[in-house]
Structures are given as structure tokens and as C-alpha cells.
>>> print(open('upload17.pdb').read())   # PDB, C-alpha atoms
ATOM      1  CA  MET A   1     -50.385  30.076 -52.198
ATOM      2  CA  THR A   2     -48.366  27.132 -53.425
ATOM      3  CA  THR A   3     -46.390  27.025 -56.629
ATOM      4  CA  ASP A   4     -45.195  24.151 -58.762
ATOM      5  CA  ALA A   5     -41.768  24.671 -57.255
ATOM      6  CA  ASP A   6     -43.207  24.208 -53.741
ATOM      7  CA  ALA A   7     -44.847  20.976 -54.827
ATOM      8  CA  ASP A   8     -41.495  19.676 -56.087
ATOM      9  CA  ALA A   9     -39.480  20.672 -53.030
ATOM     10  CA  PRO A  10     -38.303  17.828 -50.817
ATOM     11  CA  GLY A  11     -41.117  16.834 -48.482
ATOM     12  CA  ASP A  12     -41.093  15.108 -45.092
ATOM     13  CA  ASP A  13     -39.451  12.090 -46.653
ATOM     14  CA  GLY A  14     -36.617  14.287 -47.968
ATOM     15  CA  ILE A  15     -36.932  12.975 -51.506
ATOM     16  CA  ASP A  16     -36.073  15.485 -54.220
ATOM     17  CA  VAL A  17     -38.514  14.816 -57.046
ATOM     18  CA  THR A  18     -36.733  17.253 -59.335
ATOM     19  CA  LEU A  19     -33.664  15.024 -59.194
ATOM     20  CA  ILE A  20     -35.776  11.977 -60.037
ATOM     21  CA  ARG A  21     -37.336  13.795 -62.996
ATOM     22  CA  TRP A  22     -33.913  14.884 -64.223
ATOM     23  CA  CYS A  23     -32.662  11.269 -64.049
ATOM     24  CA  LEU A  24     -35.754  10.012 -65.840
ATOM     25  CA  SER A  25     -35.174  12.567 -68.600
ATOM     26  CA  LEU A  26     -31.836  10.931 -69.445
ATOM     27  CA  THR A  27     -31.342   7.883 -71.647
ATOM     28  CA  PRO A  28     -30.161   4.684 -69.913
ATOM     29  CA  GLU A  29     -26.640   5.240 -71.242
ATOM     30  CA  GLU A  30     -26.630   8.832 -70.000
ATOM     31  CA  ARG A  31     -27.744   7.568 -66.570
ATOM     32  CA  LEU A  32     -24.856   5.118 -66.554
ATOM     33  CA  ASP A  33     -22.515   7.969 -67.543
ATOM     34  CA  ALA A  34     -23.886  10.076 -64.677
ATOM     35  CA  LEU A  35     -23.376   7.201 -62.229
ATOM     36  CA  GLN A  36     -19.799   6.769 -63.472
ATOM     37  CA  ALA A  37     -19.117  10.508 -63.239
ATOM     38  CA  ASN A  38     -20.445  10.492 -59.648
ATOM     39  CA  LEU A  39     -18.167   7.606 -58.759
ATOM     40  CA  ASN A  40     -15.167   9.342 -60.310
ATOM     41  CA  ALA A  41     -15.953  12.534 -58.407
ATOM     42  CA  ILE A  42     -16.492  10.751 -55.093
ATOM     43  CA  VAL A  43     -13.204   8.867 -55.350
ATOM     44  CA  TRP A  44     -11.373  12.027 -56.429
ATOM     45  CA  LEU A  45     -12.797  13.943 -53.444
ATOM     46  CA  ARG A  46     -12.017  11.067 -51.062
ATOM     47  CA  ASP A  47      -8.425  10.898 -52.221
ATOM     48  CA  ALA A  48      -8.089  14.666 -52.014
ATOM     49  CA  ALA A  49      -9.324  14.557 -48.423
ATOM     50  CA  GLU A  50      -6.893  11.807 -47.430
ATOM     51  CA  PRO A  51      -3.287  12.850 -47.908
ATOM     52  CA  ALA A  52      -1.274   9.973 -49.381
ATOM     53  CA  SER A  53       0.847   8.307 -46.688
TER
ATOM     54  CA  MET B   1      -1.695   3.099 -49.443
ATOM     55  CA  PRO B   2      -1.844   4.591 -52.979
ATOM     56  CA  PRO B   3      -5.193   6.042 -54.084
ATOM     57  CA  SER B   4      -7.346   3.374 -55.697
ATOM     58  CA  PRO B   5      -8.915   4.154 -59.077
ATOM     59  CA  PRO B   6     -12.692   4.514 -59.137
ATOM     60  CA  PRO B   7     -14.616   1.469 -60.333
ATOM     61  CA  ASP B   8     -15.515   1.675 -64.007
ATOM     62  CA  LEU B   9     -18.954   0.118 -63.731
ATOM     63  CA  LYS B  10     -19.982   1.232 -67.203
ATOM     64  CA  ALA B  11     -16.991  -0.552 -68.731
ATOM     65  CA  LEU B  12     -17.801  -3.645 -66.664
ATOM     66  CA  VAL B  13     -21.416  -3.722 -67.904
ATOM     67  CA  ARG B  14     -20.229  -3.180 -71.468
ATOM     68  CA  ALA B  15     -17.566  -5.886 -71.245
ATOM     69  CA  LEU B  16     -20.118  -8.452 -70.061
ATOM     70  CA  ALA B  17     -22.628  -7.506 -72.751
ATOM     71  CA  GLU B  18     -20.097  -7.288 -75.585
ATOM     72  CA  ARG B  19     -18.836 -10.800 -74.837
ATOM     73  CA  GLY B  20     -22.335 -12.210 -75.320
ATOM     74  CA  ILE B  21     -22.681 -13.172 -71.667
ATOM     75  CA  GLU B  22     -26.303 -13.636 -70.572
ATOM     76  CA  PHE B  23     -26.952 -11.794 -67.322
ATOM     77  CA  VAL B  24     -29.460  -9.608 -65.508
ATOM     78  CA  VAL B  25     -28.343  -6.438 -63.729
ATOM     79  CA  ILE B  26     -29.821  -6.044 -60.265
ATOM     80  CA  GLY B  27     -29.050  -3.714 -57.350
ATOM     81  CA  GLY B  28     -27.822  -0.143 -57.451
ATOM     82  CA  VAL B  29     -26.544  -0.006 -61.036
ATOM     83  CA  ARG B  30     -29.824  -1.354 -62.213
ATOM     84  CA  ALA B  31     -31.670   1.278 -60.181
ATOM     85  CA  ALA B  32     -29.505   4.048 -61.642
ATOM     86  CA  MET B  33     -30.076   2.755 -65.168
ATOM     87  CA  GLN B  34     -33.808   3.115 -64.664
ATOM     88  CA  GLY B  35     -33.649   6.626 -63.304
ATOM     89  CA  VAL B  36     -33.150   6.346 -59.545
ATOM     90  CA  PRO B  37     -30.865   9.243 -58.504
ATOM     91  CA  ALA B  38     -28.541   7.178 -56.319
ATOM     92  CA  THR B  39     -25.000   5.966 -56.575
ATOM     93  CA  THR B  40     -23.287   2.657 -55.888
ATOM     94  CA  TYR B  41     -19.812   1.191 -55.849
ATOM     95  CA  ASP B  42     -20.418  -2.282 -57.255
ATOM     96  CA  LEU B  43     -22.210  -4.135 -60.011
ATOM     97  CA  ASP B  44     -24.645  -6.904 -58.973
ATOM     98  CA  ILE B  45     -25.673  -9.486 -61.541
ATOM     99  CA  VAL B  46     -27.333 -12.876 -61.892
ATOM    100  CA  LEU B  47     -25.752 -15.044 -64.600
ATOM    101  CA  ASP B  48     -27.593 -17.474 -66.833
ATOM    102  CA  PRO B  49     -26.279 -20.713 -65.314
ATOM    103  CA  ASN B  50     -25.931 -22.645 -68.566
ATOM    104  CA  SER B  51     -22.450 -24.062 -68.932
ATOM    105  CA  ALA B  52     -21.435 -22.248 -72.124
ATOM    106  CA  ASN B  53     -22.478 -18.925 -70.604
ATOM    107  CA  LEU B  54     -20.459 -19.569 -67.457
ATOM    108  CA  ASP B  55     -17.477 -20.476 -69.667
ATOM    109  CA  ARG B  56     -17.758 -17.116 -71.432
ATOM    110  CA  ALA B  57     -18.133 -15.284 -68.134
ATOM    111  CA  HIS B  58     -15.127 -17.037 -66.650
ATOM    112  CA  ALA B  59     -12.977 -16.231 -69.693
ATOM    113  CA  LEU B  60     -13.787 -12.533 -69.371
ATOM    114  CA  LEU B  61     -13.360 -12.483 -65.594
ATOM    115  CA  THR B  62      -9.974 -14.162 -65.932
ATOM    116  CA  GLU B  63      -8.896 -11.397 -68.328
ATOM    117  CA  LEU B  64     -10.109  -8.917 -65.725
ATOM    118  CA  GLU B  65      -7.881 -10.562 -63.066
ATOM    119  CA  THR B  66     -10.876 -11.398 -60.901
ATOM    120  CA  CYS B  67     -10.458 -12.576 -57.318
ATOM    121  CA  PHE B  68     -12.609 -12.831 -54.182
ATOM    122  CA  ARG B  69     -12.890  -9.568 -52.222
ATOM    123  CA  GLU B  70     -13.224 -11.247 -48.838
ATOM    124  CA  HIS B  71      -9.574 -12.335 -48.803
ATOM    125  CA  LEU B  72      -8.099  -9.023 -49.908
ATOM    126  CA  PRO B  73      -5.664  -7.457 -49.361
ATOM    127  CA  SER B  74      -3.748 -10.240 -47.608
ATOM    128  CA  ARG B  75      -4.561 -13.020 -50.056
ATOM    129  CA  ARG B  76      -5.630 -13.121 -53.686
ATOM    130  CA  LEU B  77      -7.976 -16.068 -54.225
ATOM    131  CA  VAL B  78      -8.470 -16.188 -57.994
ATOM    132  CA  LEU B  79     -11.916 -16.972 -59.399
ATOM    133  CA  GLU B  80     -11.853 -20.462 -60.934
ATOM    134  CA  ARG B  81     -14.418 -21.815 -63.383
ATOM    135  CA  ASP B  82     -15.794 -24.244 -60.733
ATOM    136  CA  HIS B  83     -16.656 -21.345 -58.455
ATOM    137  CA  LEU B  84     -19.276 -20.185 -60.959
ATOM    138  CA  ASP B  85     -21.112 -23.522 -60.680
ATOM    139  CA  ALA B  86     -21.432 -23.164 -56.914
ATOM    140  CA  SER B  87     -24.521 -21.581 -55.365
ATOM    141  CA  GLY B  88     -24.341 -18.542 -53.132
ATOM    142  CA  ALA B  89     -23.130 -14.998 -53.637
ATOM    143  CA  LYS B  90     -19.662 -14.425 -55.009
ATOM    144  CA  LEU B  91     -18.242 -11.064 -53.959
ATOM    145  CA  LEU B  92     -15.496 -10.360 -56.453
ATOM    146  CA  MET B  93     -12.960  -7.698 -57.363
ATOM    147  CA  THR B  94     -12.153  -7.191 -61.035
ATOM    148  CA  ARG B  95      -9.748  -4.798 -62.736
ATOM    149  CA  LEU B  96     -12.815  -2.653 -63.556
ATOM    150  CA  GLY B  97     -14.250  -2.674 -60.027
ATOM    151  CA  PRO B  98     -16.287  -4.758 -57.575
ATOM    152  CA  LEU B  99     -18.657  -7.333 -59.056
ATOM    153  CA  ASP B 100     -21.187  -9.406 -57.096
ATOM    154  CA  ILE B 101     -22.513 -12.514 -58.805
ATOM    155  CA  LEU B 102     -25.648 -13.883 -57.161
ATOM    156  CA  SER B 103     -27.189 -17.258 -57.924
ATOM    157  CA  GLN B 104     -30.543 -16.299 -56.425
ATOM    158  CA  LEU B 105     -32.240 -13.271 -54.886
ATOM    159  CA  SER B 106     -33.821 -12.932 -51.456
ATOM    160  CA  THR B 107     -37.147 -13.785 -53.077
ATOM    161  CA  GLN B 108     -35.608 -17.159 -54.083
ATOM    162  CA  TRP B 109     -35.791 -16.029 -57.714
ATOM    163  CA  ARG B 110     -33.100 -17.602 -59.856
ATOM    164  CA  PHE B 111     -32.128 -16.569 -63.398
ATOM    165  CA  ALA B 112     -35.013 -18.522 -64.951
ATOM    166  CA  ASP B 113     -37.488 -16.769 -62.644
ATOM    167  CA  LEU B 114     -36.186 -13.350 -63.664
ATOM    168  CA  THR B 115     -37.023 -13.557 -67.355
ATOM    169  CA  SER B 116     -40.591 -12.337 -66.808
ATOM    170  CA  ARG B 117     -39.357  -9.558 -64.507
ATOM    171  CA  VAL B 118     -36.704  -7.902 -66.658
ATOM    172  CA  ARG B 119     -36.572  -4.949 -69.008
ATOM    173  CA  THR B 120     -34.177  -4.728 -71.907
ATOM    174  CA  VAL B 121     -32.296  -1.454 -71.849
ATOM    175  CA  LYS B 122     -30.585  -0.192 -74.981
ATOM    176  CA  LEU B 123     -27.171   1.208 -74.101
ATOM    177  CA  SER B 124     -26.085   1.967 -77.637
ATOM    178  CA  GLU B 125     -26.971   0.994 -81.186
ATOM    179  CA  ASN B 126     -25.780  -2.586 -80.879
ATOM    180  CA  LEU B 127     -25.678  -3.065 -77.141
ATOM    181  CA  GLN B 128     -28.577  -4.126 -74.966
ATOM    182  CA  VAL B 129     -28.588  -5.089 -71.319
ATOM    183  CA  ARG B 130     -31.284  -6.821 -69.306
ATOM    184  CA  VAL B 131     -32.126  -5.253 -65.962
ATOM    185  CA  LEU B 132     -34.507  -6.299 -63.219
ATOM    186  CA  ASP B 133     -37.736  -4.298 -63.430
ATOM    187  CA  LEU B 134     -37.928  -1.514 -60.844
ATOM    188  CA  ALA B 135     -41.155  -2.891 -59.347
ATOM    189  CA  ALA B 136     -39.505  -6.302 -58.975
ATOM    190  CA  LEU B 137     -36.421  -4.714 -57.419
ATOM    191  CA  ILE B 138     -38.657  -2.983 -54.874
ATOM    192  CA  GLU B 139     -40.223  -6.369 -54.076
ATOM    193  CA  VAL B 140     -36.742  -7.837 -53.530
ATOM    194  CA  LYS B 141     -35.689  -4.961 -51.278
ATOM    195  CA  GLU B 142     -38.905  -5.249 -49.257
ATOM    196  CA  ARG B 143     -38.286  -8.966 -48.790
ATOM    197  CA  ILE B 144     -34.678  -8.528 -47.613
ATOM    198  CA  GLY B 145     -35.688  -6.214 -44.787
ATOM    199  CA  ARG B 146     -32.155  -5.048 -43.976
ATOM    200  CA  GLU B 147     -31.700  -1.460 -42.865
ATOM    201  CA  LYS B 148     -29.654  -0.481 -45.917
ATOM    202  CA  ASP B 149     -32.310  -1.894 -48.245
ATOM    203  CA  GLN B 150     -35.183  -0.328 -46.310
ATOM    204  CA  ALA B 151     -33.382   3.015 -46.496
ATOM    205  CA  VAL B 152     -33.511   3.215 -50.290
ATOM    206  CA  LEU B 153     -37.100   2.019 -50.670
ATOM    207  CA  PRO B 154     -38.796   5.457 -50.458
ATOM    208  CA  LEU B 155     -36.552   6.740 -53.258
ATOM    209  CA  TYR B 156     -37.181   3.675 -55.418
ATOM    210  CA  ARG B 157     -40.964   3.867 -54.877
ATOM    211  CA  ARG B 158     -41.037   7.580 -55.678
ATOM    212  CA  THR B 159     -39.006   7.032 -58.851
ATOM    213  CA  LEU B 160     -41.382   4.273 -59.949
ATOM    214  CA  ALA B 161     -44.362   6.551 -59.308
ATOM    215  CA  GLU B 162     -42.749   9.405 -61.265
ATOM    216  CA  ARG B 163     -41.890   7.080 -64.139
ATOM    217  CA  ASP B 164     -45.455   5.776 -64.293
ATOM    218  CA  ARG B 165     -46.837   9.308 -64.080
ATOM    219  CA  ALA B 166     -44.594  10.467 -66.937
ATOM    220  CA  ARG B 167     -45.687   7.513 -69.072
ATOM    221  CA  ALA B 168     -49.342   8.250 -68.383
ATOM    222  CA  ASP B 169     -48.773  11.846 -69.536
ATOM    223  CA  GLU B 170     -47.210  10.718 -72.833
TER
END
>>> encode(input="upload17.pdb", output="C-alpha cells")
Amino acid sequence: MTTDADADAPGDDGIDVTLIRWCLSLTPEERLDALQANLNAIVWLRDAAEPAS
Amino acid sequence: MPPSPPPDLKALVRALAERGIEFVVIGGVRAAMQGVPATTYDLDIVLDPNSANLDRAHALLTELETCFREHLPSRRLVLERDHLDASGAKLLMTRLGPLDILSQLSTQWRFADLTSRVRTVKLSENLQVRVLDLAALIEVKERIGREKDQAVLPLYRRTLAERDRARADE
């Protein structure tokens, strides 16, 4: 038996449709905010992983 | 080396739009703005090449202390107004983050060719930005054929399919 959740799980191509649907549910400005928040987080994590010399 | 601040791509998009600069957003920011769950570190745009528009763009980019990335960190080659008239890609660094200005895409499309392939995205009440349509962006990526562009194509195609499906359900 398959469920809706199974249908949305990443398939052979590894694409997470739930993430796409979440992004599509946002307004363009909210998507830009999410992109900016991701960038901030990535840079923060990178700097945390690299001790300042 | 001190930690570098993250690019503020939203502020860069806003600054361009608020100054009345005519441009089309392409690349990763454009994909994110249309719902592709992917991130990017730079803003790619095509500028309207009319002289007054390039003047406005240069004025803003001067305020943003813009220089060419390829010479950093050893040399800071400042973006001059004449550089914007030249063809080819300009890979720049601004105070708000990396900015790539392209004069044409891999499909040979220039600004004038993009007008029928753009969507206008409302960022706020008084702020609209033109972005390359997702289907057109997929066409560009397919044409480039580089590994990094091929890698994102399945995600872009799936997002386009989901968007179309959601619209059909409305």
C-alpha cells in the first residue's frame, strides 16, 4: 500500500517534492528571505568551522 | 583572514530596482524567486543596454564600491562606466555581495530578446522585479551543457512541473 507521503518521498532522482511545494507556497519576497537566511546560515556555519587565524 | 560577511542578495536586488535600473534577474536567485529550493552565492543579471540605464547602474555600483572579482584580493580594479558598454560577462564584487552582469546568455539572447521570456515578480507594494521565466531558464541551462548547469536541471524541471500542476488545480 502506498500513501501520499510515499509518493512525495525523494525518488531515484533524489528530488524532495515536499521542499519544492513548500517553496512554491511562499511569496516571491518570502523566497528571497529564505534564500538570504540560508546564505547567512551557511556563512555562519562556515566561519564557525574555520577558526579565525 | 577575517570572516567575510554573507552576501546580501536581497538588498542588492532591492537597490537595483529602487534606483529604477532596468534589468532581468537570471541564474540561481531567479530560480529561488520562482520556487526552486536551491541556494546561490551571487546575483546574475542582464542590464538594459540603453545609455541612461547604464549610467544609473554605474552610479549605484560606484556607491557599492564595485570592482572586478578576478583580480581580488591582490588588486582592486574598479568598475568604470565604459566597462558597462563592453560585451562579455562582468564578474563583480559589490559591498552587498557578488554580482555578475551578462550582456548575453548562452542562447545568444540579449536584453531585447528577454522581454518576451520574463515574468514580473512583485517583491513588495511598490517594488517589482523582472525575472527570466523558469522554462526559459531551463532552456538556457540545457544549452550551456556544463556539468554544474546539468546538475540543477532535474530540480528546475520538477519545480516547473509542480508549479504547473498547482496552477492547474487552482
>>> residues_around(input="upload17.pdb", residues="B:Lys141", least_positions_apart="6", cutoff="10 Å", atoms="all atoms listed in the file", output="list of chain:residue names")
B:Gly27, B:Leu105, B:Ser106, B:Thr107, B:Ala135, B:Glu147, B:Lys148, B:Asp149, B:Gln150, B:Ala151, B:Val152, B:Leu153, B:Tyr156
>>> closest_atom_pairs(input="upload17.pdb", of="chain B", to="chain A", cutoff="9 Å", atoms="only C-alpha atoms", output="Markdown table")
| residue | atom | partner | partner_atom | distance |
| --- | --- | --- | --- | --- |
| B:Met1 | CA | A:Ser53 | CA | 6.4 |
| B:Pro2 | CA | A:Ala52 | CA | 6.5 |
| B:Pro3 | CA | A:Asp47 | CA | 6.1 |
| B:Ser4 | CA | A:Val43 | CA | 8.0 |
| B:Pro5 | CA | A:Val43 | CA | 7.4 |
| B:Pro6 | CA | A:Asn40 | CA | 5.6 |
| B:Pro7 | CA | A:Leu39 | CA | 7.3 |
| B:Asp8 | CA | A:Gln36 | CA | 6.7 |
| B:Leu9 | CA | A:Gln36 | CA | 6.7 |
| B:Lys10 | CA | A:Leu32 | CA | 6.3 |
| B:Val29 | CA | A:Leu32 | CA | 7.7 |
| B:Ala32 | CA | A:Arg31 | CA | 6.3 |
| B:Met33 | CA | A:Pro28 | CA | 5.1 |
| B:Gln34 | CA | A:Pro28 | CA | 6.6 |
| B:Gly35 | CA | A:Leu24 | CA | 4.7 |
| B:Val36 | CA | A:Ile20 | CA | 6.2 |
| B:Pro37 | CA | A:Ile20 | CA | 5.8 |
| B:Ala38 | CA | A:Leu35 | CA | 7.8 |
| B:Thr39 | CA | A:Leu35 | CA | 6.0 |
| B:Thr40 | CA | A:Leu39 | CA | 7.7 |
| B:Tyr41 | CA | A:Leu39 | CA | 7.2 |
| B:Val121 | CA | A:Pro28 | CA | 6.8 |
| B:Lys122 | CA | A:Pro28 | CA | 7.0 |
| B:Leu123 | CA | A:Glu29 | CA | 5.0 |
| B:Ser124 | CA | A:Glu29 | CA | 7.2 |
| B:Pro154 | CA | A:Asp13 | CA | 7.7 |
| B:Leu155 | CA | A:Ile15 | CA | 6.5 |
| B:Arg158 | CA | A:Val17 | CA | 7.8 |
| B:Thr159 | CA | A:Ile20 | CA | 6.0 |
| B:Glu162 | CA | A:Arg21 | CA | 7.2 |
| B:Arg163 | CA | A:Leu24 | CA | 7.0 |
| B:Ala166 | CA | A:Arg21 | CA | 8.9 |
>>> write_last_selection(input="upload17.pdb", atoms="C-alpha atoms", output="tab-separated table (two decimals), in the coordinates of the input")
chain	number	residue	atom	x	y	z
B	1	MET	CA	-1.70	3.10	-49.44
B	2	PRO	CA	-1.84	4.59	-52.98
B	3	PRO	CA	-5.19	6.04	-54.08
B	4	SER	CA	-7.35	3.37	-55.70
B	5	PRO	CA	-8.91	4.15	-59.08
B	6	PRO	CA	-12.69	4.51	-59.14
B	7	PRO	CA	-14.62	1.47	-60.33
B	8	ASP	CA	-15.52	1.68	-64.01
B	9	LEU	CA	-18.95	0.12	-63.73
B	10	LYS	CA	-19.98	1.23	-67.20
B	29	VAL	CA	-26.54	-0.01	-61.04
B	32	ALA	CA	-29.50	4.05	-61.64
B	33	MET	CA	-30.08	2.76	-65.17
B	34	GLN	CA	-33.81	3.12	-64.66
B	35	GLY	CA	-33.65	6.63	-63.30
B	36	VAL	CA	-33.15	6.35	-59.54
B	37	PRO	CA	-30.86	9.24	-58.50
B	38	ALA	CA	-28.54	7.18	-56.32
B	39	THR	CA	-25.00	5.97	-56.58
B	40	THR	CA	-23.29	2.66	-55.89
B	41	TYR	CA	-19.81	1.19	-55.85
B	121	VAL	CA	-32.30	-1.45	-71.85
B	122	LYS	CA	-30.58	-0.19	-74.98
B	123	LEU	CA	-27.17	1.21	-74.10
B	124	SER	CA	-26.08	1.97	-77.64
B	154	PRO	CA	-38.80	5.46	-50.46
B	155	LEU	CA	-36.55	6.74	-53.26
B	158	ARG	CA	-41.04	7.58	-55.68
B	159	THR	CA	-39.01	7.03	-58.85
B	162	GLU	CA	-42.75	9.40	-61.26
B	163	ARG	CA	-41.89	7.08	-64.14
B	166	ALA	CA	-44.59	10.47	-66.94
>>> atom_distance(input="upload17.pdb", atom1="atom CA of B:Phe111", atom2="atom CA of B:Leu47")
6.7 Å
>>> resolve_selection(input="upload17.pdb", expression="the PyMOL selection byres ((chain B and resi 137) around 10)", output="PyMOL selection string")
chain B and resi 26-28+30-31+105+117-118+131-136+138-143+153+156
>>> resolve_selection(input="upload17.pdb", expression="the PyMOL selection byres ((chain B and resi 67) around 8)", output="PyMOL selection string")
chain B and resi 65-66+68-69+76-79+92-94
>>> axis_aligned_box(input="upload17.pdb", around="stretch 127-145 of chain B", padding_each_side="5 Å", output="JSON")
{"center_x": -33.4, "center_y": -5.2, "center_z": -61.0, "size_x": 25.5, "size_y": 17.5, "size_z": 42.4}
>>> atom_distance(input="upload17.pdb", atom1="atom CA of B:Gly20", atom2="atom CA of B:Ala52")
10.6 Å
>>> atom_distance(input="upload17.pdb", atom1="atom CA of B:Asp164", atom2="atom CA of B:Val129")
21.3 Å
>>> residues_around(input="upload17.pdb", residues="B:Asp55", least_positions_apart="2", cutoff="12 Å", atoms="all atoms listed in the file", output="VMD selection string")
chain B and resid 19 to 22 47 to 53 57 to 62 80 to 85
>>> closest_residue(input="upload17.pdb", among="B:Gln128, B:Leu12, B:Leu160, B:Val46", to="B:Thr115", atoms="only C-alpha atoms")
B:Val46
>>> build_atoms(input="upload17.pdb", residues="stretch 98-107 of chain B", atoms="all heavy atoms", output="PDB file, in the frame of the given file")
ATOM      1  N   PRO B  98     -15.629  -3.653 -58.280  1.00  0.00           N
ATOM      2  CA  PRO B  98     -16.287  -4.758 -57.575  1.00  0.00           C
ATOM      3  C   PRO B  98     -17.475  -5.319 -58.374  1.00  0.00           C
ATOM      4  O   PRO B  98     -18.251  -4.562 -58.961  1.00  0.00           O
ATOM      5  CB  PRO B  98     -16.776  -4.109 -56.273  1.00  0.00           C
ATOM      6  CG  PRO B  98     -15.997  -2.845 -56.138  1.00  0.00           C
ATOM      7  CD  PRO B  98     -15.709  -2.389 -57.525  1.00  0.00           C
ATOM      8  N   LEU B  99     -17.571  -6.645 -58.354  1.00  0.00           N
ATOM      9  CA  LEU B  99     -18.657  -7.333 -59.056  1.00  0.00           C
ATOM     10  C   LEU B  99     -19.217  -8.412 -58.135  1.00  0.00           C
ATOM     11  O   LEU B  99     -18.463  -9.245 -57.639  1.00  0.00           O
ATOM     12  CB  LEU B  99     -18.115  -7.988 -60.340  1.00  0.00           C
ATOM     13  CG  LEU B  99     -19.070  -8.935 -61.078  1.00  0.00           C
ATOM     14  CD1 LEU B  99     -20.229  -8.165 -61.711  1.00  0.00           C
ATOM     15  CD2 LEU B  99     -18.323  -9.716 -62.163  1.00  0.00           C
ATOM     16  N   ASP B 100     -20.533  -8.364 -57.892  1.00  0.00           N
ATOM     17  CA  ASP B 100     -21.187  -9.406 -57.096  1.00  0.00           C
ATOM     18  C   ASP B 100     -22.016 -10.272 -58.031  1.00  0.00           C
ATOM     19  O   ASP B 100     -22.890  -9.764 -58.743  1.00  0.00           O
ATOM     20  CB  ASP B 100     -22.112  -8.793 -56.036  1.00  0.00           C
ATOM     21  CG  ASP B 100     -21.338  -8.008 -54.981  1.00  0.00           C
ATOM     22  OD1 ASP B 100     -20.089  -8.083 -54.990  1.00  0.00           O
ATOM     23  OD2 ASP B 100     -21.987  -7.335 -54.167  1.00  0.00           O
ATOM     24  N   ILE B 101     -21.725 -11.574 -58.003  1.00  0.00           N
ATOM     25  CA  ILE B 101     -22.513 -12.514 -58.805  1.00  0.00           C
ATOM     26  C   ILE B 101     -23.391 -13.307 -57.855  1.00  0.00           C
ATOM     27  O   ILE B 101     -22.890 -14.002 -56.961  1.00  0.00           O
ATOM     28  CB  ILE B 101     -21.601 -13.465 -59.604  1.00  0.00           C
ATOM     29  CG1 ILE B 101     -20.730 -12.658 -60.580  1.00  0.00           C
ATOM     30  CG2 ILE B 101     -22.439 -14.490 -60.365  1.00  0.00           C
ATOM     31  CD1 ILE B 101     -19.767 -13.516 -61.394  1.00  0.00           C
ATOM     32  N   LEU B 102     -24.706 -13.184 -58.025  1.00  0.00           N
ATOM     33  CA  LEU B 102     -25.648 -13.883 -57.161  1.00  0.00           C
ATOM     34  C   LEU B 102     -26.270 -15.039 -57.938  1.00  0.00           C
ATOM     35  O   LEU B 102     -26.506 -14.940 -59.140  1.00  0.00           O
ATOM     36  CB  LEU B 102     -26.759 -12.937 -56.687  1.00  0.00           C
ATOM     37  CG  LEU B 102     -26.297 -11.620 -56.045  1.00  0.00           C
ATOM     38  CD1 LEU B 102     -27.500 -10.838 -55.545  1.00  0.00           C
ATOM     39  CD2 LEU B 102     -25.336 -11.886 -54.897  1.00  0.00           C
ATOM     40  N   SER B 103     -26.531 -16.139 -57.242  1.00  0.00           N
ATOM     41  CA  SER B 103     -27.189 -17.258 -57.924  1.00  0.00           C
ATOM     42  C   SER B 103     -28.698 -17.191 -57.699  1.00  0.00           C
ATOM     43  O   SER B 103     -29.469 -17.734 -58.477  1.00  0.00           O
ATOM     44  CB  SER B 103     -26.621 -18.596 -57.459  1.00  0.00           C
ATOM     45  OG  SER B 103     -26.639 -18.680 -56.060  1.00  0.00           O
ATOM     46  N   GLN B 104     -29.108 -16.535 -56.625  1.00  0.00           N
ATOM     47  CA  GLN B 104     -30.543 -16.299 -56.425  1.00  0.00           C
ATOM     48  C   GLN B 104     -30.742 -15.076 -55.545  1.00  0.00           C
ATOM     49  O   GLN B 104     -29.845 -14.682 -54.798  1.00  0.00           O
ATOM     50  CB  GLN B 104     -31.239 -17.518 -55.833  1.00  0.00           C
ATOM     51  CG  GLN B 104     -30.934 -17.794 -54.376  1.00  0.00           C
ATOM     52  CD  GLN B 104     -31.791 -18.941 -53.841  1.00  0.00           C
ATOM     53  OE1 GLN B 104     -32.158 -19.846 -54.557  1.00  0.00           O
ATOM     54  NE2 GLN B 104     -32.084 -18.896 -52.557  1.00  0.00           N
ATOM     55  N   LEU B 105     -31.934 -14.469 -55.655  1.00  0.00           N
ATOM     56  CA  LEU B 105     -32.240 -13.271 -54.886  1.00  0.00           C
ATOM     57  C   LEU B 105     -32.940 -13.660 -53.583  1.00  0.00           C
ATOM     58  O   LEU B 105     -33.267 -14.830 -53.369  1.00  0.00           O
ATOM     59  CB  LEU B 105     -33.127 -12.337 -55.712  1.00  0.00           C
ATOM     60  CG  LEU B 105     -32.607 -11.996 -57.112  1.00  0.00           C
ATOM     61  CD1 LEU B 105     -33.481 -10.938 -57.770  1.00  0.00           C
ATOM     62  CD2 LEU B 105     -31.168 -11.519 -57.043  1.00  0.00           C
ATOM     63  N   SER B 106     -33.189 -12.666 -52.750  1.00  0.00           N
ATOM     64  CA  SER B 106     -33.821 -12.932 -51.456  1.00  0.00           C
ATOM     65  C   SER B 106     -35.229 -13.503 -51.627  1.00  0.00           C
ATOM     66  O   SER B 106     -35.772 -14.132 -50.735  1.00  0.00           O
ATOM     67  CB  SER B 106     -33.894 -11.638 -50.653  1.00  0.00           C
ATOM     68  OG  SER B 106     -34.617 -10.671 -51.386  1.00  0.00           O
ATOM     69  N   THR B 107     -35.813 -13.267 -52.774  1.00  0.00           N
ATOM     70  CA  THR B 107     -37.147 -13.785 -53.077  1.00  0.00           C
ATOM     71  C   THR B 107     -37.086 -15.237 -53.577  1.00  0.00           C
ATOM     72  O   THR B 107     -38.106 -15.783 -53.985  1.00  0.00           O
ATOM     73  CB  THR B 107     -37.769 -12.923 -54.191  1.00  0.00           C
ATOM     74  OG1 THR B 107     -36.789 -12.754 -55.214  1.00  0.00           O
ATOM     75  CG2 THR B 107     -38.186 -11.560 -53.683  1.00  0.00           C
TER      76      THR B 107
END
